[in-house]
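Here's my_file_26.txt, which has compact mmCIF, C-alpha atoms:
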# COMPACT_ATOMS: atom_id res chain seq x y z
CA MET S 26 0.00 0.00 0.00
CA ARG S 27 1.34 3.41 -0.96
CA ILE S 28 1.86 5.81 1.93
CA THR S 29 0.03 9.06 1.20
CA SER S 30 0.64 12.44 2.77
CA LYS S 31 -2.68 12.18 4.62
CA MET S 32 -1.73 8.79 6.09
CA ALA S 33 1.67 10.14 7.13
CA HIS S 34 0.13 13.04 9.04
CA GLN S 35 -2.29 10.65 10.75
CA MET S 36 0.59 8.46 11.90
CA ILE S 37 2.51 11.48 13.20
CA ALA S 38 -0.60 12.39 15.23
CA VAL S 39 -0.68 8.84 16.65
CA LEU S 40 2.98 9.17 17.71
CA ASP S 41 2.25 12.51 19.39
CA GLU S 42 -0.63 10.97 21.31
CA LEU S 43 1.48 8.00 22.41
CA GLN S 44 4.27 10.32 23.55
CA GLU S 45 1.82 12.22 25.76
CA GLN S 46 0.58 8.94 27.25
CA LEU S 47 4.09 7.69 27.95
CA LYS S 48 5.04 10.90 29.76
CA GLY S 49 2.88 9.90 32.70
CA LYS S 50 4.26 6.39 32.94
CA ALA S 51 6.43 5.52 35.94
CA LYS S 52 10.08 5.19 35.09
CA THR S 53 11.85 1.87 35.50
CA PRO S 54 13.94 1.86 38.70
CA TYR S 55 17.63 2.31 38.03
CA PRO S 56 19.44 -1.07 38.24
CA TYR S 57 21.90 -0.10 41.02
CA LYS S 58 22.86 -3.73 41.70
CA GLU S 59 23.79 -4.27 38.05
CA TRP S 60 25.74 -1.01 38.03
CA GLU S 61 27.72 -2.05 41.11
CA GLN S 62 28.65 -5.26 39.33
CA LYS S 63 29.62 -3.54 36.09
CA ARG S 64 31.65 -0.79 37.76
CA GLU S 65 34.32 -3.46 38.19
CA LEU S 66 34.76 -3.14 34.43
CA VAL S 67 35.54 0.56 34.93
CA LYS S 68 38.19 -0.31 37.51
CA GLN S 69 39.78 -2.74 35.07
CA ARG S 70 39.91 -0.07 32.34
CA ILE S 71 41.50 2.42 34.74
CA HIS S 72 44.10 -0.12 35.87
CA LYS S 73 44.92 -0.88 32.24
CA LEU S 74 45.00 2.77 31.15
CA PRO S 75 48.81 3.22 31.44
CA ALA S 76 49.33 0.02 29.42
CA TYR S 77 46.76 1.23 26.87
CA VAL S 78 48.63 4.53 26.56
CA GLU S 79 51.95 2.74 26.06
CA GLN S 80 50.41 0.59 23.34
CA ALA S 81 48.78 3.61 21.68
CA ALA S 82 52.09 5.50 21.74
CA SER S 83 53.97 2.54 20.26
CA MET S 84 51.67 2.67 17.22
CA ILE S 85 53.10 5.99 16.03
CA THR S 86 56.55 7.16 15.05
CA THR S 87 57.62 10.67 15.94
CA ASP S 88 60.16 12.76 14.09
CA LYS S 89 63.10 14.02 16.08
CA PRO S 90 62.63 17.71 16.91
CA THR S 91 64.55 20.00 14.58
CA GLY S 92 63.98 23.14 16.59
CA GLY S 93 61.53 25.00 18.76
CA ARG S 94 60.72 24.49 22.42
CA PRO S 95 61.85 21.09 23.79
CA LYS S 96 59.04 18.93 25.18
CA ASN S 97 58.99 17.88 28.83
CA GLY S 98 58.83 14.12 29.35
CA ASP S 99 58.42 11.31 26.89
CA LEU S 100 55.22 10.82 24.90
CA VAL S 101 53.66 8.29 27.28
CA LYS S 102 54.18 10.56 30.30
CA ARG S 103 52.88 13.60 28.46
CA THR S 104 49.74 11.72 27.46
CA LEU S 105 49.17 10.39 30.98
CA ILE S 106 49.57 13.88 32.41
CA PHE S 107 47.10 15.22 29.84
CA LEU S 108 44.54 12.56 30.82
CA PHE S 109 45.21 13.29 34.49
CA ALA S 110 44.53 16.99 33.89
CA ARG S 111 41.27 16.19 32.09
CA LEU S 112 40.18 13.82 34.87
CA MET S 113 40.84 16.40 37.57
CA ASN S 114 38.90 19.05 35.60
CA LYS S 115 40.98 21.79 37.20
CA SER S 116 42.62 24.92 35.85
CA ASN S 117 46.13 24.60 34.47
CA ARG S 118 47.55 26.33 37.55
CA ASP S 119 45.75 23.90 39.86
CA THR S 120 47.02 21.01 37.73
CA GLU S 121 50.57 22.35 38.06
CA HIS S 122 50.21 22.16 41.86
CA LEU S 123 48.67 18.68 41.72
CA LEU S 124 51.59 17.45 39.63
CA GLU S 125 53.93 18.50 42.43
CA LEU S 126 51.91 16.27 44.76
CA PHE S 127 51.89 13.36 42.32
CA PHE S 128 55.56 13.68 41.35
CA PRO S 129 56.37 10.16 42.69
CA PHE S 130 53.88 8.74 40.17
CA PHE S 131 54.65 10.80 37.05
CA GLY S 132 58.32 11.53 37.72
CA ILE S 133 58.07 15.00 36.17
CA THR S 134 56.34 18.29 36.87
CA LEU S 135 55.06 20.83 34.36
CA SER S 136 54.28 24.52 34.50
CA TYR S 137 50.73 25.61 33.82
CA LYS S 138 51.82 26.83 30.39
CA SER S 139 53.31 23.42 29.56
CA VAL S 140 50.04 21.76 30.64
CA GLU S 141 48.12 24.03 28.25
CA ARG S 142 50.50 23.21 25.40
CA LEU S 143 49.63 19.51 25.73
CA TYR S 144 46.28 20.30 24.12
CA SER S 145 48.03 21.21 20.86
CA ASP S 146 50.76 18.55 21.04
CA GLU S 147 50.25 16.63 17.78
CA ASP S 148 51.92 13.50 19.14
CA VAL S 149 49.65 13.48 22.19
CA GLN S 150 46.65 13.96 19.89
CA ALA S 151 47.76 10.93 17.84
CA VAL S 152 48.06 8.80 20.99
CA LEU S 153 44.57 9.86 22.12
CA HIS S 154 43.18 8.84 18.73
CA ASN S 155 44.89 5.43 18.92
CA LEU S 156 43.69 4.99 22.49
CA PHE S 157 40.12 5.65 21.38
CA ILE S 158 40.45 2.88 18.78
CA LEU S 159 42.02 0.40 21.24
CA LEU S 160 39.17 0.85 23.73
CA LEU S 161 36.59 0.21 21.01
CA GLN S 162 38.45 -2.88 19.81
CA ASP S 163 38.44 -4.36 23.31
CA GLU S 164 34.77 -3.58 23.93
CA GLY S 165 33.41 -4.37 20.47
CA VAL S 166 30.89 -2.43 18.36
CA SER S 167 27.37 -3.63 17.56
CA GLY S 168 26.41 -1.26 14.75
CA ASP S 169 23.21 -0.33 16.64
CA MET S 170 23.66 3.39 17.33
CA ALA S 171 22.13 6.62 18.54
CA GLY S 172 23.36 10.17 18.09
CA ASP S 173 22.83 13.53 19.69
CA GLY S 174 24.47 16.91 19.94
CA THR S 175 25.20 19.28 22.79
CA GLY S 176 27.08 22.48 23.47
CA TYR S 177 29.83 23.58 25.81
CA GLY S 178 30.19 27.13 27.09
CA LEU S 179 33.52 28.94 26.95
CA SER S 180 32.89 30.71 30.25
CA VAL S 181 30.90 30.23 33.44
CA THR S 182 28.41 32.91 32.38
CA LYS S 183 27.66 31.09 29.10
CA HIS S 184 26.38 27.76 30.35
CA TYR S 185 24.77 25.82 27.50
CA ARG S 186 21.81 24.52 29.48
CA SER S 187 20.89 27.65 31.44
CA SER S 188 21.37 30.28 28.74
CA PRO S 189 18.46 30.99 26.35
CA LYS S 190 20.94 31.71 23.52
CA LYS S 191 22.68 28.42 22.85
CA LYS S 192 24.75 29.52 19.90
CA GLY S 193 27.31 32.06 18.86
CA LYS S 194 30.92 32.73 19.74
CA GLY S 195 30.44 31.72 23.37
CA TYR S 196 29.74 28.06 22.59
CA ARG S 197 31.34 25.04 20.98
CA TYR S 198 29.29 22.17 19.60
CA ALA S 199 29.84 18.47 20.06
CA PHE S 200 28.07 15.54 18.42
CA ARG S 201 28.68 11.99 19.60
CA ILE S 202 27.48 8.73 18.10
CA ILE S 203 26.97 6.09 20.78
CA ASP S 204 26.65 2.31 20.56
CA VAL S 205 23.40 1.53 22.41
CA HIS S 206 24.57 -1.98 23.36
CA THR S 207 27.78 -0.93 25.08
CA GLY S 208 27.31 2.77 25.80
CA MET S 209 30.64 3.49 24.07
CA TYR S 210 31.08 6.48 21.78
CA VAL S 211 32.15 5.43 18.29
CA GLY S 212 32.15 8.82 16.56
CA LEU S 213 33.07 12.26 17.91
CA GLY S 214 32.41 15.54 16.15
CA TYR S 215 33.35 19.12 16.99
CA SER S 216 32.38 22.48 15.54
CA ALA S 217 32.66 26.15 16.39
CA ILE S 218 29.89 26.83 13.85
CA SER S 219 26.92 24.49 14.29
CA GLU S 220 25.68 21.19 15.65
CA MET S 221 25.08 19.97 12.10
CA GLN S 222 28.73 20.48 11.24
CA ALA S 223 29.72 18.53 14.35
CA PHE S 224 27.30 15.76 13.30
CA ARG S 225 28.92 15.44 9.89
CA GLN S 226 32.36 15.29 11.48
CA ALA S 227 31.24 12.51 13.85
CA LYS S 228 29.77 10.52 10.96
CA LYS S 229 32.98 10.97 8.98
CA MET S 230 35.00 9.66 11.92
CA VAL S 231 32.85 6.51 12.07
CA GLU S 232 33.47 5.94 8.37
CA MET S 233 37.23 6.49 8.74
CA LEU S 234 37.34 3.90 11.54
CA GLY S 235 35.59 1.39 9.27
CA ILE S 236 32.61 1.01 11.61
CA THR S 237 29.35 -0.11 10.01
CA ILE S 238 26.15 1.52 11.22
CA THR S 239 23.11 -0.72 10.82
CA LYS S 240 20.67 1.45 12.80
CA ILE S 241 20.81 4.97 14.21
CA ARG S 242 18.35 7.03 16.22
CA LEU S 243 18.37 10.82 15.81
CA ASP S 244 16.24 13.66 17.14
CA LYS S 245 13.87 15.86 15.13
CA TYR S 246 16.63 18.26 14.12
CA TYR S 247 17.86 15.51 11.78
CA SER S 248 14.40 14.55 10.55
CA SER S 249 14.85 15.32 6.87
CA ARG S 250 15.13 13.51 3.55
CA LYS S 251 18.63 14.94 3.20
CA ILE S 252 19.81 13.11 6.33
CA LEU S 253 18.05 9.89 5.32
CA LYS S 254 19.85 9.94 1.99
CA LEU S 255 23.13 10.66 3.75
CA PHE S 256 22.94 7.28 5.49
CA GLY S 257 21.59 5.44 2.46
CA PRO S 258 19.07 2.61 2.09
CA ASP S 259 21.04 0.05 4.11
CA VAL S 260 20.90 1.98 7.40
CA ASP S 261 17.76 1.89 9.54
CA VAL S 262 17.31 5.54 10.55
CA VAL S 263 14.84 6.00 13.42
CA VAL S 264 13.53 9.57 13.69
CA ILE S 265 10.24 11.24 14.53
CA PRO S 266 8.96 12.86 11.31
CA LYS S 267 8.22 16.58 11.44
CA LYS S 268 4.58 17.64 11.27
CA ASN S 269 5.08 19.78 8.16
CA ILE S 270 6.29 16.87 6.02
CA ALA S 271 4.95 17.23 2.47
CA LYS S 272 6.64 14.75 0.15
CA ILE S 273 6.94 11.13 1.24
CA GLY S 274 9.21 9.41 -1.27
CA VAL S 275 11.07 6.12 -0.91
CA TYR S 276 13.05 6.94 2.25
CA TRP S 277 10.12 8.25 4.29
CA SER S 278 7.86 5.43 3.07
CA ARG S 279 10.08 2.87 4.80
CA ILE S 280 9.86 4.77 8.07
CA PHE S 281 6.10 5.29 7.92
CA ARG S 282 5.54 1.59 7.21
CA LYS S 283 7.38 0.75 10.41
CA ILE S 284 5.29 3.28 12.31
CA ARG S 285 2.11 1.87 10.80
CA ASP S 286 3.04 -1.70 11.75
CA SER S 287 3.80 -0.84 15.40
CA PRO S 288 3.59 2.79 16.55
CA LEU S 289 4.42 1.93 20.17
CA GLY S 290 7.28 -0.36 19.18
CA TYR S 291 8.72 2.33 16.92
CA LEU S 292 8.49 4.91 19.69
CA LYS S 293 10.19 2.63 22.22
CA ASP S 294 12.97 1.99 19.74
CA TYR S 295 13.36 5.73 19.20
CA TYR S 296 13.55 6.33 22.97
CA GLN S 297 16.79 4.36 23.14
CA ARG S 298 18.23 7.65 21.88
CA ASN S 299 17.91 8.76 25.52
CA LEU S 300 21.16 6.90 26.14
CA SER S 301 22.89 9.78 24.34
CA GLU S 302 21.33 12.32 26.70
CA GLY S 303 22.30 10.16 29.67
CA GLY S 304 25.85 10.01 28.36
CA TYR S 305 26.06 13.80 28.05
CA SER S 306 24.67 14.25 31.56
CA SER S 307 27.25 11.82 32.93
CA ASP S 308 30.10 13.44 30.97
CA LYS S 309 29.28 16.98 32.08
CA GLY S 310 28.82 15.88 35.67
CA ARG S 311 32.27 14.28 35.70
CA PHE S 312 34.27 16.56 33.37
CA GLY S 313 32.28 19.80 33.45
CA GLY S 314 30.21 21.64 30.87
CA MET S 315 32.73 24.35 30.08
CA VAL S 316 35.81 24.48 27.85
CA ARG S 317 38.63 26.57 29.32
CA GLN S 318 40.93 26.55 26.28
CA ARG S 319 41.03 29.66 24.07
CA ARG S 320 42.61 28.28 20.90
CA GLU S 321 40.19 26.38 18.72
CA ASP S 322 42.51 23.42 18.09
CA ARG S 323 42.90 23.03 21.85
CA GLN S 324 39.14 23.28 22.36
CA GLU S 325 38.67 20.42 19.91
CA THR S 326 41.25 18.31 21.77
CA ALA S 327 39.51 19.05 25.07
CA LEU S 328 36.13 17.87 23.74
CA PHE S 329 37.66 14.82 22.06
CA SER S 330 39.23 13.82 25.37
CA ILE S 331 35.83 13.96 27.09
CA GLY S 332 34.48 11.46 24.57
CA LEU S 333 37.54 9.28 25.08
CA LEU S 334 37.29 9.33 28.88
CA HIS S 335 33.57 8.57 28.61
CA ASN S 336 34.57 5.24 27.08
CA VAL S 337 36.78 4.55 30.10
CA PHE S 338 34.18 5.32 32.75
CA PHE S 339 30.79 4.57 31.21
CA VAL S 340 29.02 1.24 31.63
CA ARG S 341 25.75 0.22 29.99
CA THR S 342 23.05 -1.02 32.35
CA GLY S 343 19.63 -2.36 31.44
CA THR S 344 18.41 -3.40 28.02
CA GLY S 345 16.58 -0.34 26.79
Let me see the file written as structure tokens.
Amino acid sequence: MRITSKMAHQMIAVLDELQEQLKGKAKTPYPYKEWEQKRELVKQRIHKLPAYVEQAASMITTDKPTGGRPKNGDLVKRTLIFLFARLMNKSNRDTEHLLELFFPFFGITLSYKSVERLYSDEDVQAVLHNLFILLLQDEGVSGDMAGDGTGYGLSVTKHYRSSPKKKGKGYRYAFRIIDVHTGMYVGLGYSAISEMQAFRQAKKMVEMLGITITKIRLDKYYSSRKILKLFGPDVDVVVIPKKNIAKIGVYWSRIFRKIRDSPLGYLKDYYQRNLSEGGYSSDKGRFGGMVRQRREDRQETALFSIGLLHNVFFVRTGTG
């Protein structure tokens, strides 16, 4: 049966009604017992982190410096100090003081300026990229994804959630594609311009890593034929169609047939996108919702590191 525009609008109305009904439903209790069991996995990742960094560093070859400022410490130590700074979520000056305290562990100390320069250290960036890949290889990727974007303020007064103006020079955009089976990020995007640009960067990263997406859930901002075509006919894109949809076409017909067959089932599948929102909430609670770096390349490194550290600390509980 051909899906007409009238039928499509009727199905959108059904979804709206179901969403209103589900708002009043009691939420499933959080599985604290399961989380306590799985947090052992986090401990294992943390214990293995130095070995992971060594392996990630061994995967690259660095040219001998021909000039410029000499770097403090070898590549492994510089990367570990960078990760330590990101974990502490402190200013560079505070990190400098903490490094004095942790000198027996790291074996070196850095000035606050040297800590800041780690964000633009190309060798450190390469190790972080390799580390991201190693964590995914150990955990595995299902191909069943969700994606969402968020913003980070560049100052305390420009908090992304509290400010009514969530765009402009005071914000940086991040888009992260998450595996709904593991809770691991598989694609990270950054932009100083728009969330859409960050989305395209995250998708490109997934492609560069050779990861196959079989299904992805996206919010209404990405509910367009253009986005459906971007993923192609082999990817199951789960979105809520916009009310002003006019032309159906081949791509939208597939989606509306799924809605017609099981509106509630489609909506429950779409709601697995909430894992992305939960991931952002967890990330900002642990690493903060502000980017302190002023240079754009360093801002991108800061946001990439949040996605990387998410994969160290996050565990997936429950089934949906």
*Tell me, in Å to one decimal, how far atom CA of Gln324 of chain S is from atom CA of Ala171 of chain S.*
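Atom-to-atom, atom CA of Gln324 of chain S and atom CA of Ala171 of chain S are spaced 24.1 Å apart.
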*Atom pair atom CA of Phe200 of chain S / atom CA of Lys293 of chain S: separation (Å)*: 22.4 Å
_Minimum-distance residue to Thr175 of chain S, chosen among S:Tyr305, S:Tyr137, S:Tyr296, S:Phe256 (using only C-alpha atoms)_ = S:Tyr305
*Can you list, as a list in words, every protein, DNA or RNA residue that comes within 7 Å of Lys272 of chain S when you count all atoms listed in the file, leaving out same-chain residues fewer than 2 positions away?*
Ser30, Ile270 and Gly274 of chain S
*asked:* For a quick check of understanding, using only C-alpha atoms, which of S:Arg197, S:Arg279, S:Arg285, S:Lys228 has the smallest distance to Tyr215 of chain S?
replied: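 When distances to Tyr215 of chain S are compared using only C-alpha atoms, the smallest one comes from S:Arg197.
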*atom CA of Arg64 of chain S to atom CA of Val340 of chain S, straight-line distance in Å*: 7.0 Å
*Identify, on the basis of only C-alpha atoms, every residue whose closest approach to segment 221-225 of chain S does not exceed 9 Å; exclude the query and any residue fewer than 5 positions from it along the same chain; express the result as a PyMOL selection string.*
chain S and resi 172-174+198-202+213-216+230+246-247
*Option closest in space to Glu79 of chain S, from S:Leu156, S:Ala38, S:Ile28, S:Leu328 [counting all atoms listed in the file]*: S:Leu156
*Tell me which protein, DNA and RNA residues are within 12 Å of Gln318 of chain S, counting all atoms listed in the file, leaving out same-chain ones fewer than 3 positions away, and put them as an MDAnalysis selection string.*
chainID S and resid 111 115:117 138 140:145 177:180 196:197 315 321:328
